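What follows is a set of notes on a single structure, which appears directly below.
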There are 2 protein chains.
Amino acid sequence: VSRVLVTGASGFVGRPLVRSLVQAGEEVHALTIPGVPMPDEDGVRWHEVDLLDRGRVAETIAELRPERLVHLAWYVAHGSYWSSPENARWVAASLDLLRAFAETEGRRAVLVGSCAEYEWGGEADLDEGDSALRPATLYGVCKDGLRRVAEAYAGQVGLELAWGRLFFLYGPHEQSARLVPAVIRALLAGEPVETSAGTQVRDFMHVEDVAAALAALLCSEVTGPVNIASGREVAIAEILDRIGELTDGVELIDRGARPLAPGEPQRIVADVRRLSREVGFEARISLADGLASTVEWWRERARAEAAG
Amino acid sequence: VSRVLVTGASGFVGRPLVRSLVQAGEEVHALTIPGVPMPDEDGVRWHEVDLLDRGRVAETIAELRPERLVHLAWYVAHGSYWSSPENARWVAASLDLLRAFAETEGRRAVLVGSCAEYEWGGEADLDEGDSALRPATLYGVCKDGLRRVAEAYAGQVGLELAWGRLFFLYGPHEQSARLVPAVIRALLAGEPVETSAGTQVRDFMHVEDVAAALAALLCSEVTGPVNIASGREVAIAEILDRIGELTDGVELIDRGARPLAPGEPQRIVADVRRLSREVGFEARISLADGLASTVEWWRERARAEAAG
C-alpha cells in the first residue's frame with residue numbers, strides 16, 4: 001500500500017481510475033475542483049483543490065505526502081480544448097504540481113499525454129520510439145512541451161516518471177457533446193443524426209480499460225512515454241453502425257451528410273507493444289461489449305432523467 | 001514610444017539592455033529581484049518583483065500594462081544552472097508571466113533561449129531552420145520546452161513572439177566564477193591559472209552587442225527563433241592568449257594543465273543570417289576591443305576594491 005494522489009479524479013478517466021486503485025488496496029487521495037459534486041466511490045479520500053492555486057497545492061501535498069501521483073487534470077472543454085490558451089496555463093500548473101510532489105515524498109508519477117503529440121497523416125501505427133512528434137494543435141504542443149520538461153526534470157531529481165499517451169476513449173460519463181455520446185443520445189431520443197462518411201480509422205479504448213492501463217502503468221516500473229490504447233483499428237462508420245443497431249436507430253443515421261473536417265487524418269492507430277510487453281496490460285473490453293454497456297448506461301440515465 | 005517591460009533587468013544582459021532601450025526613447029519598466037540593489041541607469045523605472053510570486057506578477061502587469069516584453073530572468077547560478085531543478089520552476093513562471101502579459105496589452109514579446117537547445121557535436125554552424133534541437137541538459141530542455149509552448153500559445157492568442165538564442169557572452173558584470181572573468185581576475189592579481197588546451201571553438205559576443213541585438217529584435221517584426229551571436233569562431237586558447245597579453249600575464253597561464261570537460265563539444269558556432277538579414281543587426285564590438293575594455297573594467301573594479 002502506498003499513498004497515491006490522483007488529480008482530475010472526478011473526471012471521465014479519474015472515476016474508474018480511483019475505483020480500480022482502491023480495489024488494488026492503495027490509499028487513494030483524490031483531488032477535485034472545488035464546487036463540483038464528488039463522485040460516490042467507496043474508500044476514496046476526496047480533497048477539493050484548485051490546481052491553479054499554487055499555495056493550496058503546496059499545502060495539500062505537504063499535508064498528504066503522497067508517494068505516487070497520477071495527474072489527469074487538464075483543460076478539457078469539448079471543442080475549445082484543442083486551441084484554448086488555457087493549455088499553456090496547465091503546463092505551468094502541472095510543472096508546479098510535479099515539483100511540489102517531488103520535493104516531498106514523491107517517487108513515481110504518471111502524467112497523461114495524448115496521441116495529438118504525434119505527427120498525424122501517416123499510414124503506420126504510431127509508436128513511442130520511432131514516430132515523429134509534431135503536434136499540430138496548441139493542446140498537442142502543450143502536452144509535448146510538458147512531457148519534455150517533466151521527463152528531464154524527473155531524471156534530474158531521481159523521480160520515476162511515466163507518460164501515458166491516450167488515444168480515443170468512450171464509455172460512461174463522457175462529455176455528452178462528444179461523438180459517441182452525442183450519437184447515442186440522439187438515437188435513443190429517436191432523433192436523426194447527420195455524420196461524415198466515417199471512413200476515418202481510429203484506435204478506441206473503453207475508459208475502464210484506459211483507467212486499468214494507467215493503474216497498471218503506475219504499479220509498474222516503466223518510465224517514459226507509453227501509448228494507452230487498444231491497438232485495434234476501427235472505422236468511425238463501424239462505430240456508428242454498432243450504435244445504430246444497439247439503439248434500433250440505424251435508419252436515423254444520415255452517413256455522409258457532413259463533410260470530413262478539414263485536415264482530419266485518415267488513420268490514427270497506436271502501436272501498443274510497450275503497453276503489452278513492458279507494462280503487461282491488455283485491453284479487456286471488446287468494442288462490441290463496450291458500446292453495448294455504454295448505450296445501456298445512457299439509456300438508464302435517460303430513464304432516470306425522465307423519471308426525475 | 002511604447003511601454004516595455006524587462007525582466008532580469010539588473011543582470012548581466014539586463015543592464016546594457018535597459019540602457020539601450022532608454023536611449024532608443026522607450027518607456028522602460030525594469031523588474032528586479034527584491035533585495036538586490038538596483039543599478040543606477042538613468043531613465044529606467046525600477047520595480048522589485050519576484051517572478052515566482054504569481055499574484056505580484058499579475059498585479060504589476062495589470063498596473064503597468066506593458067505593450068512589449070523582454071523576458072531575461074531565469075535561474076543562472078554558475079555551475080549549477082545546467083542541471084538545477086529550478087529550471088522547471090522557471091518554465092512555469094515564464095508561461096504565467098507571458099499569459100499575464102498577453103491578457104492585458106501585450107502585443108510583442110522577446111524571450112531568451114540558448115545555444116544549449118541545439119544538438120551539439122556537429123561541424124556545421126548552428127542555424128534556426130535546419131539544426132536539430134536535441135538539448136543534452138535540463139537547462140536546454142527547459143528552454144526548448146518553453147519555446148515550443150510559448151510560440152504555440154502566442155500564435156493562438158495573436159501575440160508576436162521572438163525567441164533570441166544566446167551563445168557565449170562576455171563583458172562587464174559577468175559572474176566572476178565564469179571563464180573570462182575568472183582568468184582576468186587571477187592574472188590581474190598575479191596568480192597562476194590552469195586551463196584546458198583550449199582547442200574548443202566557440203561563438204563569443206560582447207554583452208553590449210547581445211543587448212543591442214535583443215533591442216533590435218524587439219523593435220523588429222521578426223518572429224520565431226533568432227540566434228543572437230557574432231557568427232565568428234574563436235578558440236578558447238585565443239581568448240586566453242589575448243587576456244594574457246592584456247594583463248601581462250601570459251606566463252601565468254598553464255594551458256593544457258587540465259583535461260577538457262567530458263562531453264565538451266569541439267565547436268559551437270552560430271549561423272547568424274537571420275539576425276543579420278531579417279533583424280538587420282551586426283555585432284559592433286570586435287573580440288580584441290571587447291576583451292580590452294573588459295580587462296579594463298575588471299582592473300578598475302580591483303582598484304576600487306583595493307581603495308575601498
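Letters A, B, ... mark the chains of the C-alpha cells in the order given; residue numbers begin at 1 per chain; ligand numbers begin at 1, in order shown.
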
Worksheet entry | Residues within 12 Å of Tyr139 in chain A, only C-alpha atoms, excluding chain neighbours under 4 positions, as a PyMOL selection string | (chain A and resi 74-77+79-91+113-118+134-135+143-146) or (chain B and resi 148-149+152-153+156)

Discussion item. If DSSP is run on the backbone, what residues of range 52-291 of chain A are strand (DSSP E)? A reply as a VMD selection string would be ideal.
Written reply: chain A and resid 68 to 71 108 to 114 160 to 166 168 to 170 193 to 195 201 to 206 224 to 228 233 to 235 253 to 255 267 to 268

Those same residues - N, CA and C atoms - I'd like them written as a compact mmCIF listing (two decimals), in the first residue's frame.
# COMPACT_ATOMS: atom_id res chain seq x y z
N ARG A 68 3.02 8.36 -4.72
CA ARG A 68 2.77 8.19 -6.15
C ARG A 68 1.70 9.16 -6.61
N LEU A 69 1.75 9.50 -7.87
CA LEU A 69 0.87 10.53 -8.43
C LEU A 69 0.37 10.10 -9.80
N VAL A 70 -0.93 10.25 -10.02
CA VAL A 70 -1.44 10.20 -11.40
C VAL A 70 -2.09 11.56 -11.66
N HIS A 71 -1.54 12.28 -12.61
CA HIS A 71 -2.01 13.64 -12.87
C HIS A 71 -2.86 13.66 -14.15
N ARG A 108 7.17 8.25 -7.69
CA ARG A 108 6.76 7.80 -9.02
C ARG A 108 5.54 8.58 -9.48
N ALA A 109 5.56 9.07 -10.70
CA ALA A 109 4.44 9.84 -11.24
C ALA A 109 4.05 9.32 -12.61
N VAL A 110 2.75 9.26 -12.85
CA VAL A 110 2.23 9.01 -14.20
C VAL A 110 1.52 10.28 -14.65
N LEU A 111 2.02 10.87 -15.73
CA LEU A 111 1.36 12.04 -16.31
C LEU A 111 0.67 11.58 -17.58
N VAL A 112 -0.29 12.37 -18.02
CA VAL A 112 -1.12 11.91 -19.12
C VAL A 112 -0.99 12.83 -20.34
N GLY A 113 -0.59 12.24 -21.44
CA GLY A 113 -0.48 12.95 -22.70
C GLY A 113 -1.52 12.46 -23.69
N SER A 114 -1.19 12.59 -24.96
CA SER A 114 -2.22 12.41 -25.99
C SER A 114 -1.60 11.97 -27.30
N GLU A 160 10.77 8.74 -10.69
CA GLU A 160 10.33 7.89 -11.81
C GLU A 160 9.14 8.56 -12.49
N LEU A 161 9.19 8.70 -13.79
CA LEU A 161 8.08 9.34 -14.48
C LEU A 161 7.68 8.56 -15.73
N ALA A 162 6.42 8.19 -15.79
CA ALA A 162 5.87 7.57 -17.00
C ALA A 162 4.84 8.52 -17.58
N TRP A 163 4.68 8.43 -18.89
CA TRP A 163 3.83 9.37 -19.62
C TRP A 163 2.86 8.56 -20.48
N GLY A 164 1.61 8.50 -20.03
CA GLY A 164 0.61 7.72 -20.76
C GLY A 164 -0.03 8.53 -21.86
N ARG A 165 0.14 8.08 -23.10
CA ARG A 165 -0.47 8.81 -24.24
C ARG A 165 -1.82 8.20 -24.57
N LEU A 166 -2.88 8.93 -24.25
CA LEU A 166 -4.23 8.46 -24.52
C LEU A 166 -4.60 8.68 -25.99
N PHE A 168 -8.23 7.38 -28.38
CA PHE A 168 -9.66 7.72 -28.40
C PHE A 168 -10.38 6.89 -27.35
N LEU A 169 -11.21 7.56 -26.57
CA LEU A 169 -11.86 6.94 -25.42
C LEU A 169 -13.37 6.98 -25.61
N TYR A 170 -14.06 6.06 -24.96
CA TYR A 170 -15.52 6.14 -24.89
C TYR A 170 -15.92 5.40 -23.63
N VAL A 193 -29.51 11.85 -37.04
CA VAL A 193 -28.13 12.27 -36.83
C VAL A 193 -27.44 12.36 -38.19
N GLU A 194 -26.79 13.50 -38.43
CA GLU A 194 -26.01 13.63 -39.66
C GLU A 194 -24.53 13.46 -39.35
N THR A 195 -23.85 12.60 -40.06
CA THR A 195 -22.43 12.38 -39.80
C THR A 195 -21.64 12.44 -41.10
N VAL A 201 -10.18 6.04 -39.69
CA VAL A 201 -9.91 4.90 -38.81
C VAL A 201 -9.23 5.39 -37.53
N ARG A 202 -9.71 4.92 -36.40
CA ARG A 202 -9.19 5.37 -35.10
C ARG A 202 -8.93 4.19 -34.19
N ASP A 203 -8.26 4.49 -33.07
CA ASP A 203 -7.97 3.49 -32.05
C ASP A 203 -8.80 3.86 -30.82
N PHE A 204 -9.87 3.10 -30.59
CA PHE A 204 -10.76 3.40 -29.46
C PHE A 204 -10.52 2.42 -28.32
N MET A 205 -10.59 2.93 -27.09
CA MET A 205 -10.44 2.09 -25.91
C MET A 205 -11.51 2.51 -24.91
N HIS A 206 -12.14 1.53 -24.29
CA HIS A 206 -13.13 1.82 -23.27
C HIS A 206 -12.45 2.48 -22.08
N GLY A 224 8.97 6.83 -19.10
CA GLY A 224 8.91 7.37 -20.45
C GLY A 224 7.52 7.21 -21.05
N PRO A 225 7.37 7.54 -22.32
CA PRO A 225 6.05 7.51 -22.96
C PRO A 225 5.55 6.10 -23.24
N VAL A 226 4.28 5.88 -22.97
CA VAL A 226 3.62 4.60 -23.25
C VAL A 226 2.25 4.90 -23.86
N ASN A 227 1.99 4.39 -25.04
CA ASN A 227 0.65 4.54 -25.63
C ASN A 227 -0.37 3.77 -24.79
N ILE A 228 -1.45 4.45 -24.44
CA ILE A 228 -2.55 3.81 -23.71
C ILE A 228 -3.68 3.66 -24.73
N GLU A 233 -7.82 -1.16 -34.82
CA GLU A 233 -8.35 -0.06 -35.61
C GLU A 233 -9.82 -0.29 -35.90
N VAL A 234 -10.56 0.81 -35.89
CA VAL A 234 -11.98 0.73 -36.21
C VAL A 234 -12.36 1.98 -36.99
N ALA A 235 -13.17 1.78 -38.03
CA ALA A 235 -13.66 2.94 -38.78
C ALA A 235 -14.80 3.58 -37.98
N ILE A 253 -29.51 7.45 -38.93
CA ILE A 253 -28.17 7.99 -39.21
C ILE A 253 -28.03 8.33 -40.69
N ASP A 254 -27.78 9.59 -40.97
CA ASP A 254 -27.55 10.01 -42.36
C ASP A 254 -26.04 10.12 -42.57
N ARG A 255 -25.44 8.99 -42.89
CA ARG A 255 -23.99 8.93 -43.00
C ARG A 255 -23.55 9.55 -44.32
N ARG A 267 -6.03 8.03 -40.55
CA ARG A 267 -5.73 6.89 -39.67
C ARG A 267 -4.94 7.34 -38.44
N ILE A 268 -5.46 7.04 -37.26
CA ILE A 268 -4.74 7.30 -36.01
C ILE A 268 -4.87 6.05 -35.15

Shell of 6 Å around Thr32 in chain B, only C-alpha atoms, local chain residues under 5 positions omitted, as a short mmCIF file (atom, residue, chain, number, x, y, z; two decimals) with N, CA, C and O atoms, in the first residue's frame:
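As a result, part-v5.cif now contains:
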data_model
loop_
_atom_site.label_atom_id
_atom_site.label_comp_id
_atom_site.auth_asym_id
_atom_site.auth_seq_id
_atom_site.Cartn_x
_atom_site.Cartn_y
_atom_site.Cartn_z
N GLY B 8 14.61 40.48 -15.26
CA GLY B 8 16.05 40.19 -15.10
C GLY B 8 16.88 41.40 -15.46
O GLY B 8 18.02 41.30 -15.90
N ALA B 9 16.30 42.59 -15.23
CA ALA B 9 16.88 43.82 -15.76
C ALA B 9 18.16 44.24 -15.05
O ALA B 9 18.93 45.01 -15.59
N SER B 10 18.39 43.73 -13.84
CA SER B 10 19.62 44.11 -13.14
C SER B 10 20.75 43.12 -13.41
O SER B 10 21.82 43.23 -12.82
N GLU B 48 10.57 46.22 -7.90
CA GLU B 48 11.04 44.99 -7.24
C GLU B 48 9.93 43.96 -7.27
O GLU B 48 8.93 44.09 -6.57
N VAL B 49 10.10 42.94 -8.09
CA VAL B 49 9.06 41.91 -8.24
C VAL B 49 9.71 40.53 -8.32
O VAL B 49 10.59 40.31 -9.16
#

Worksheet entry | Selection: 10 Å around Arg54 in chain B, only C-alpha atoms, excl. self and same-chain fewer than 6 positions, as a PyMOL selection string | (chain A and resi 53-54) or (chain B and resi 60+93+96-97+100)

For Arg3 in chain A, find every residue with an atom within 9 Å (counting only C-alpha atoms), except residues of its own chain fewer than 5 positions away, and show them as a PDB file with C-alpha atoms, in the first residue's frame.
ATOM      1  CA  GLU A  26      -3.991   1.657  -2.377  1.00  0.00           C
ATOM      2  CA  GLU A  27      -4.596   4.637  -0.085  1.00  0.00           C
ATOM      3  CA  VAL A  28      -6.178   6.920  -2.672  1.00  0.00           C
ATOM      4  CA  HIS A  29      -6.300  10.686  -2.267  1.00  0.00           C
ATOM      5  CA  LEU A  64      -0.778  14.292   2.346  1.00  0.00           C
ATOM      6  CA  ARG A  65       2.838  13.467   1.416  1.00  0.00           C
ATOM      7  CA  PRO A  66       1.878  11.181  -1.475  1.00  0.00           C
ATOM      8  CA  GLU A  67       4.456   8.698  -2.788  1.00  0.00           C
ATOM      9  CA  ARG A  68       2.774   8.187  -6.145  1.00  0.00           C
ATOM     10  CA  LEU A  69       0.869  10.530  -8.427  1.00  0.00           C
TER      11      LEU A  69
END

Residues within 10 Å of Leu275 in chain A, only C-alpha atoms, excluding chain neighbours under 5 positions, as a tab-separated table (two decimals) with C-alpha atoms, in the first residue's frame:
chain	number	residue	atom	x	y	z
A	164	GLY	CA	0.61	7.72	-20.76
A	213	ALA	CA	-3.97	0.54	-18.04
A	214	LEU	CA	-3.00	3.71	-16.17
A	216	ALA	CA	-1.02	-0.91	-14.29
A	217	LEU	CA	1.44	1.70	-15.55
A	222	VAL	CA	8.21	1.52	-16.74
A	225	PRO	CA	6.05	7.51	-22.96
A	226	VAL	CA	3.62	4.60	-23.25
A	227	ASN	CA	0.65	4.54	-25.63
A	228	ILE	CA	-2.55	3.81	-23.71
A	229	ALA	CA	-4.70	2.33	-26.45
A	230	SER	CA	-6.16	-0.86	-27.79
A	231	GLY	CA	-4.00	-1.24	-30.88
A	280	GLY	CA	1.94	-6.26	-19.22
A	281	PHE	CA	-1.51	-4.82	-19.90
A	282	GLU	CA	-4.05	-5.97	-22.49
A	283	ALA	CA	-7.39	-4.28	-23.10

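Atom pair CA of Glu59 in chain B / CA of Arg45 in chain B has a distance of 16.3 Å (rounded to one decimal).
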
Need the shell around range 119-129 of chain B: protein/DNA/RNA residues with any atom at most 6 Å away, counting only C-alpha atoms. Skip same-chain ones fewer than 6 positions apart. Format as a compact mmCIF listing (two decimals) with N, CA, C and O atoms, in the first residue's frame?
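And here is the file that came out, around-v8.txt:
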# COMPACT_ATOMS: atom_id res chain seq x y z
N PRO B 135 18.52 19.07 -26.91
CA PRO B 135 19.28 19.57 -25.75
C PRO B 135 19.73 18.42 -24.85
O PRO B 135 18.98 17.49 -24.62
N PRO B 265 31.86 19.68 -26.45
CA PRO B 265 31.93 19.60 -27.92
C PRO B 265 33.05 20.49 -28.47
O PRO B 265 33.44 21.48 -27.85
N VAL B 269 29.18 27.18 -32.91
CA VAL B 269 29.21 28.47 -33.63
C VAL B 269 27.86 28.68 -34.30
O VAL B 269 27.28 27.74 -34.83
N ALA B 270 27.38 29.91 -34.26
CA ALA B 270 26.05 30.23 -34.80
C ALA B 270 26.09 30.62 -36.26
O ALA B 270 27.02 31.30 -36.71
N ASP B 271 25.07 30.23 -36.97
CA ASP B 271 24.75 30.84 -38.25
C ASP B 271 23.94 32.09 -37.91
O ASP B 271 22.91 32.00 -37.24
